[in-house]
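S.K.: I have a structure I would like to understand better, so I am pasting it below and will then ask my questions one at a time.
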Amino acid sequence: MDASQLSLLAAGIAAIALLYSSVGHAGASGYIAVLTLAGFAATTVKPVALVLNVVVAAIASIQFARAGHFSWNRFWPFAQLSVPAAALGGYLQLPGALLNPLLGAVLLFSAARLFVRKGDPAHIQPPTSKCAFATGAGLGLLSGLTGTGGGIFLTPLMLLLGWAGTKQAAAISAPFILLNSIAGLSGHFASGRPIPGFAWWLAPIAAIAGLAGSHLGSRRIPVRGIQLLLATVLIIAGAKLILTR
């Protein structure tokens with residue numbers, strides 16, 4: 001890969017980190033798309049995306065918490081079972097021919113709903129603990145299988161079901177993504193597969209862009225702007241899942 005290709009790759013990673021972090025996400029689905037377009041093999045793409053996810057999700061978690069949007073009581077029921085489920089998903093290698101198109105269609109549907117929605121849910125009613133446990137476990141497994149942090153599924157679900165407001169959902173999704181990405185990497189290590197070396201020079205680029213994006217999303221961009229950005233993120237992720245084989 002020559003200097004111009006490296007520059008394009010770095011620019012793509014930075015753009016994804018900036019956009020995704022503004023809605024409390026870390027960008028794994030976007031990184032996967034960029035790295036795949038750059039010609040990297042699937043076995044290389046997944047661990048690199050998880051490394052970048054850990055970096056950006058950690059920054060976004062801090063930024064949204066410092067802005068006052070995080071609630072521990074709403075977060076921990078989702079997180080409790082998601083971590084072992086994500087580790088299992090990171091260990092497994094399943095064909096995506098059936099799973100990816102289905103998940104992509106769900107994300108595109110969620111994006112359409114967000115474009116129509118004009119603000120936060122009219123009534124906020126957090127789920128029961130049992131429901132949150134089950135949701136966290138299911139999304140944790142999906143996050144490990146797909147090489148994402150699970151927030152790409154959790155945030156729209158919370159908004160569509162009225163479990164949280166837009167910025168509160170982002171503040172819960174960021175640490176959810178962080179924990180699941182760490183667990184997914186643990187499963188990857190347990191399987192004996194290495195982390196590609198170029199992940200470590202991409203990490204600072206993603207960190208700088210993630211810092212800027214999460215600051216804007218947590219403090220500057222209004223709720224409707226966050227929803228439109230989130231819908232854009234879901235379209236990118238949904239299209240990537242549907243088109244990738």
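Naming works like this for the structure tokens: A, B, ... for the chains as they're shown, residue 1 at the start of each chain, ligands 1 onward in shown order.
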Hey, what's within 9 Å of Ala28 (chain A) if we count only C-alpha atoms and toss same-chain stuff fewer than 4 positions away? As a list in words, please?
M.R.: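 Once the adjacent positions are removed, what remains is Ile16, Ala17, Tyr20, Ile32, Ala33, Lys46, Val48, Ala49, Leu50, Leu52, Asn53, Gly147, Thr148, Gly149, Ile152 and Ala237 of chain A.
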S.K.: Where does region 18-115 of chain A meet region 2-9 of chain A within 12 Å, residue by residue, with the nearest atom pair and distance in Å to one decimal for each, counting only C-alpha atoms, listed by chain and rising number, as a Markdown table?
M.R.:
```
| residue | atom | partner | partner_atom | distance |
| --- | --- | --- | --- | --- |
| A:Gly30 | CA | A:Leu9 | CA | 11.9 |
| A:Tyr31 | CA | A:Leu9 | CA | 9.7 |
| A:Ile32 | CA | A:Leu9 | CA | 11.6 |
| A:Ala33 | CA | A:Leu9 | CA | 11.0 |
| A:Val34 | CA | A:Leu9 | CA | 7.2 |
| A:Leu35 | CA | A:Leu9 | CA | 7.6 |
| A:Thr36 | CA | A:Leu9 | CA | 10.6 |
| A:Leu37 | CA | A:Leu9 | CA | 9.4 |
| A:Ala38 | CA | A:Leu9 | CA | 7.1 |
| A:Gly39 | CA | A:Leu9 | CA | 10.7 |
| A:Phe40 | CA | A:Leu9 | CA | 11.2 |
```
S.K.: So that I have them on file, write out the residues from the current selection with C-alpha atoms, as a tab-separated table (two decimals), in the first residue's frame.
M.R.:
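Wrote selection10.tsv, looks like this:
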```tsv
chain	number	residue	atom	x	y	z
A	30	GLY	CA	-17.87	1.83	9.12
A	31	TYR	CA	-14.30	0.69	9.74
A	32	ILE	CA	-15.21	-2.73	8.36
A	33	ALA	CA	-16.56	-1.10	5.20
A	34	VAL	CA	-13.50	1.15	4.74
A	35	LEU	CA	-11.00	-1.65	5.37
A	36	THR	CA	-12.87	-4.03	3.08
A	37	LEU	CA	-12.87	-1.44	0.28
A	38	ALA	CA	-9.12	-1.01	0.87
A	39	GLY	CA	-8.67	-4.69	0.02
A	40	PHE	CA	-7.99	-6.22	3.44
```
S.K.: Residues within 12 Å of Ala164 (chain A), please, as a count of residues only. Count only C-alpha atoms; anything in the same chain fewer than 4 positions from it doesn't count.
M.R.: 27
S.K.: List as a VMD selection string the protein and nucleic acid residues near Ala14 (chain A), meaning an atom at most 12 Å away when only C-alpha atoms are counted, but skip any in the same chain fewer than 4 places from it.
M.R.: chain A and resid 7 to 10 18 to 21 26 to 27 30 to 31 34 52 56 202 to 213
S.K.: Just write the chosen residues, C-alpha atoms, as a PDB file, in the first residue's frame.
M.R.:
```
ATOM      1  CA  SER A   7      -3.672   8.704   3.289  1.00  0.00           C
ATOM      2  CA  LEU A   8      -7.075   7.714   1.900  1.00  0.00           C
ATOM      3  CA  LEU A   9      -7.372   4.909   4.445  1.00  0.00           C
ATOM      4  CA  ALA A  10      -6.505   7.279   7.310  1.00  0.00           C
ATOM      5  CA  LEU A  18     -15.989  11.536  13.737  1.00  0.00           C
ATOM      6  CA  LEU A  19     -19.483  10.669  12.481  1.00  0.00           C
ATOM      7  CA  TYR A  20     -20.134   7.622  14.653  1.00  0.00           C
ATOM      8  CA  SER A  21     -18.758   9.079  17.884  1.00  0.00           C
ATOM      9  CA  ALA A  26     -17.505   3.762  17.908  1.00  0.00           C
ATOM     10  CA  GLY A  27     -17.675   3.042  14.163  1.00  0.00           C
ATOM     11  CA  GLY A  30     -17.875   1.826   9.120  1.00  0.00           C
ATOM     12  CA  TYR A  31     -14.296   0.687   9.744  1.00  0.00           C
ATOM     13  CA  VAL A  34     -13.498   1.146   4.736  1.00  0.00           C
ATOM     14  CA  LEU A  52     -10.479   1.029  16.881  1.00  0.00           C
ATOM     15  CA  VAL A  56     -13.288   5.516  20.220  1.00  0.00           C
ATOM     16  CA  LEU A 202      -4.714   3.756  12.907  1.00  0.00           C
ATOM     17  CA  ALA A 203      -5.741   3.974  16.583  1.00  0.00           C
ATOM     18  CA  PRO A 204      -4.424   7.550  17.247  1.00  0.00           C
ATOM     19  CA  ILE A 205      -6.176   8.798  14.098  1.00  0.00           C
ATOM     20  CA  ALA A 206      -9.467   7.329  15.256  1.00  0.00           C
ATOM     21  CA  ALA A 207      -8.897   8.720  18.769  1.00  0.00           C
ATOM     22  CA  ILE A 208      -8.457  12.320  17.602  1.00  0.00           C
ATOM     23  CA  ALA A 209     -11.524  12.176  15.356  1.00  0.00           C
ATOM     24  CA  GLY A 210     -13.534  10.405  18.061  1.00  0.00           C
ATOM     25  CA  LEU A 211     -12.663  13.087  20.584  1.00  0.00           C
ATOM     26  CA  ALA A 212     -13.952  15.800  18.261  1.00  0.00           C
ATOM     27  CA  GLY A 213     -17.117  13.916  17.278  1.00  0.00           C
TER      28      GLY A 213
END
```
S.K.: Which is closer to Ala67 (chain A) than all the others in A:Leu216, A:Leu234, A:Leu228, A:Ala86, using only C-alpha atoms?
M.R.: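 For Ala67 (chain A), the nearest of the candidates is A:Leu216.
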S.K.: Which one is closest to Leu81 (chain A): A:Cys131, A:Leu114, A:Ala137, A:Leu185? Count only C-alpha atoms.
M.R.: A:Ala137
S.K.: Looking at only C-alpha atoms, which of A:Leu103, A:Ala239, A:Ala57, A:Ile226 is the one that sits closest to Gly165 (chain A)?
M.R.: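 Counting only C-alpha atoms, the residue closest to Gly165 (chain A) is A:Ile226.
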S.K.: Under the rule that only C-alpha atoms are counted, which of A:His215, A:Gly68, A:Phe153, A:Leu139 is the nearest residue to Ser29 (chain A)?
M.R.: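 With only C-alpha atoms as the atom set, the closest residue is A:Phe153.
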S.K.: According to DSSP computed on the backbone, where in region 94-222 of chain A is there alpha helix (DSSP H)? Give the residues as a PyMOL selection string.
M.R.: chain A and resi 99-116+129-146+151-160+166-190+199-215
S.K.: Save out the residues we just selected, C-alpha atoms, as a PDB file, in the first residue's frame.
M.R.:
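The new file out.pdb reads:
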```pdb
ATOM      1  CA  LEU A  99     -27.256 -13.171   9.251  1.00  0.00           C
ATOM      2  CA  ASN A 100     -25.866 -10.023   7.640  1.00  0.00           C
ATOM      3  CA  PRO A 101     -28.752  -9.242   5.232  1.00  0.00           C
ATOM      4  CA  LEU A 102     -31.288  -9.692   8.028  1.00  0.00           C
ATOM      5  CA  LEU A 103     -29.418  -7.390  10.396  1.00  0.00           C
ATOM      6  CA  GLY A 104     -28.879  -4.888   7.594  1.00  0.00           C
ATOM      7  CA  ALA A 105     -32.599  -4.760   6.861  1.00  0.00           C
ATOM      8  CA  VAL A 106     -33.324  -4.124  10.553  1.00  0.00           C
ATOM      9  CA  LEU A 107     -30.874  -1.204  10.594  1.00  0.00           C
ATOM     10  CA  LEU A 108     -32.355   0.322   7.431  1.00  0.00           C
ATOM     11  CA  PHE A 109     -35.847   0.071   8.926  1.00  0.00           C
ATOM     12  CA  SER A 110     -34.593   1.787  12.093  1.00  0.00           C
ATOM     13  CA  ALA A 111     -33.005   4.545  10.004  1.00  0.00           C
ATOM     14  CA  ALA A 112     -36.299   5.170   8.200  1.00  0.00           C
ATOM     15  CA  ARG A 113     -38.127   5.463  11.516  1.00  0.00           C
ATOM     16  CA  LEU A 114     -35.559   7.976  12.793  1.00  0.00           C
ATOM     17  CA  PHE A 115     -35.894  10.151   9.690  1.00  0.00           C
ATOM     18  CA  VAL A 116     -39.646  10.336  10.350  1.00  0.00           C
ATOM     19  CA  SER A 129     -34.416  -5.841  34.397  1.00  0.00           C
ATOM     20  CA  LYS A 130     -35.253  -9.210  32.823  1.00  0.00           C
ATOM     21  CA  CYS A 131     -35.940  -7.589  29.475  1.00  0.00           C
ATOM     22  CA  ALA A 132     -32.695  -5.586  29.649  1.00  0.00           C
ATOM     23  CA  PHE A 133     -30.711  -8.718  30.610  1.00  0.00           C
ATOM     24  CA  ALA A 134     -32.095 -10.647  27.638  1.00  0.00           C
ATOM     25  CA  THR A 135     -31.580  -7.720  25.267  1.00  0.00           C
ATOM     26  CA  GLY A 136     -27.992  -7.247  26.412  1.00  0.00           C
ATOM     27  CA  ALA A 137     -27.181 -10.929  25.992  1.00  0.00           C
ATOM     28  CA  GLY A 138     -28.644 -11.074  22.499  1.00  0.00           C
ATOM     29  CA  LEU A 139     -26.958  -7.896  21.333  1.00  0.00           C
ATOM     30  CA  GLY A 140     -23.673  -8.924  22.941  1.00  0.00           C
ATOM     31  CA  LEU A 141     -23.678 -12.144  20.918  1.00  0.00           C
ATOM     32  CA  LEU A 142     -24.474 -10.210  17.742  1.00  0.00           C
ATOM     33  CA  SER A 143     -21.690  -7.746  18.478  1.00  0.00           C
ATOM     34  CA  GLY A 144     -19.129 -10.522  18.788  1.00  0.00           C
ATOM     35  CA  LEU A 145     -20.343 -12.313  15.657  1.00  0.00           C
ATOM     36  CA  THR A 146     -20.358  -9.182  13.502  1.00  0.00           C
ATOM     37  CA  GLY A 151     -24.465  -0.128  20.027  1.00  0.00           C
ATOM     38  CA  ILE A 152     -25.504   0.050  16.380  1.00  0.00           C
ATOM     39  CA  PHE A 153     -28.392  -2.206  17.435  1.00  0.00           C
ATOM     40  CA  LEU A 154     -28.954  -0.969  21.009  1.00  0.00           C
ATOM     41  CA  THR A 155     -29.400   2.759  20.323  1.00  0.00           C
ATOM     42  CA  PRO A 156     -32.213   2.502  17.723  1.00  0.00           C
ATOM     43  CA  LEU A 157     -33.905  -0.205  19.791  1.00  0.00           C
ATOM     44  CA  MET A 158     -33.951   2.038  22.886  1.00  0.00           C
ATOM     45  CA  LEU A 159     -35.360   4.947  20.887  1.00  0.00           C
ATOM     46  CA  LEU A 160     -37.991   2.948  18.994  1.00  0.00           C
ATOM     47  CA  THR A 166     -31.594  10.313  22.217  1.00  0.00           C
ATOM     48  CA  LYS A 167     -28.550  11.549  24.149  1.00  0.00           C
ATOM     49  CA  GLN A 168     -29.254   9.192  27.067  1.00  0.00           C
ATOM     50  CA  ALA A 169     -29.318   6.265  24.599  1.00  0.00           C
ATOM     51  CA  ALA A 170     -25.995   7.437  23.152  1.00  0.00           C
ATOM     52  CA  ALA A 171     -24.497   7.681  26.649  1.00  0.00           C
ATOM     53  CA  ILE A 172     -25.581   4.092  27.428  1.00  0.00           C
ATOM     54  CA  SER A 173     -24.500   2.698  24.068  1.00  0.00           C
ATOM     55  CA  ALA A 174     -20.931   4.044  24.231  1.00  0.00           C
ATOM     56  CA  PRO A 175     -19.813   2.047  27.321  1.00  0.00           C
ATOM     57  CA  PHE A 176     -21.923  -0.907  26.118  1.00  0.00           C
ATOM     58  CA  ILE A 177     -19.852  -0.850  22.919  1.00  0.00           C
ATOM     59  CA  LEU A 178     -16.642  -0.486  24.928  1.00  0.00           C
ATOM     60  CA  LEU A 179     -17.280  -3.544  27.085  1.00  0.00           C
ATOM     61  CA  ASN A 180     -18.459  -5.692  24.190  1.00  0.00           C
ATOM     62  CA  SER A 181     -15.515  -4.691  22.006  1.00  0.00           C
ATOM     63  CA  ILE A 182     -13.080  -5.623  24.775  1.00  0.00           C
ATOM     64  CA  ALA A 183     -14.915  -8.926  25.210  1.00  0.00           C
ATOM     65  CA  GLY A 184     -14.886  -9.534  21.453  1.00  0.00           C
ATOM     66  CA  LEU A 185     -11.130  -8.926  21.360  1.00  0.00           C
ATOM     67  CA  SER A 186     -10.708 -11.333  24.278  1.00  0.00           C
ATOM     68  CA  GLY A 187     -12.562 -13.998  22.315  1.00  0.00           C
ATOM     69  CA  HIS A 188     -10.381 -13.249  19.306  1.00  0.00           C
ATOM     70  CA  PHE A 189      -7.218 -13.675  21.397  1.00  0.00           C
ATOM     71  CA  ALA A 190      -8.579 -16.880  22.939  1.00  0.00           C
ATOM     72  CA  ALA A 199      -4.215  -1.378  13.860  1.00  0.00           C
ATOM     73  CA  TRP A 200      -1.916   0.479  16.247  1.00  0.00           C
ATOM     74  CA  TRP A 201      -1.066   3.331  13.881  1.00  0.00           C
ATOM     75  CA  LEU A 202      -4.714   3.756  12.907  1.00  0.00           C
ATOM     76  CA  ALA A 203      -5.741   3.974  16.583  1.00  0.00           C
ATOM     77  CA  PRO A 204      -4.424   7.550  17.247  1.00  0.00           C
ATOM     78  CA  ILE A 205      -6.176   8.798  14.098  1.00  0.00           C
ATOM     79  CA  ALA A 206      -9.467   7.329  15.256  1.00  0.00           C
ATOM     80  CA  ALA A 207      -8.897   8.720  18.769  1.00  0.00           C
ATOM     81  CA  ILE A 208      -8.457  12.320  17.602  1.00  0.00           C
ATOM     82  CA  ALA A 209     -11.524  12.176  15.356  1.00  0.00           C
ATOM     83  CA  GLY A 210     -13.534  10.405  18.061  1.00  0.00           C
ATOM     84  CA  LEU A 211     -12.663  13.087  20.584  1.00  0.00           C
ATOM     85  CA  ALA A 212     -13.952  15.800  18.261  1.00  0.00           C
ATOM     86  CA  GLY A 213     -17.117  13.916  17.278  1.00  0.00           C
ATOM     87  CA  SER A 214     -18.149  12.881  20.772  1.00  0.00           C
ATOM     88  CA  HIS A 215     -17.605  16.427  22.074  1.00  0.00           C
TER      89      HIS A 215
END
```
S.K.: Distance CA of Ala231 (chain A)-CA of Ser218 (chain A), one decimal place?
M.R.: 16.8 Å
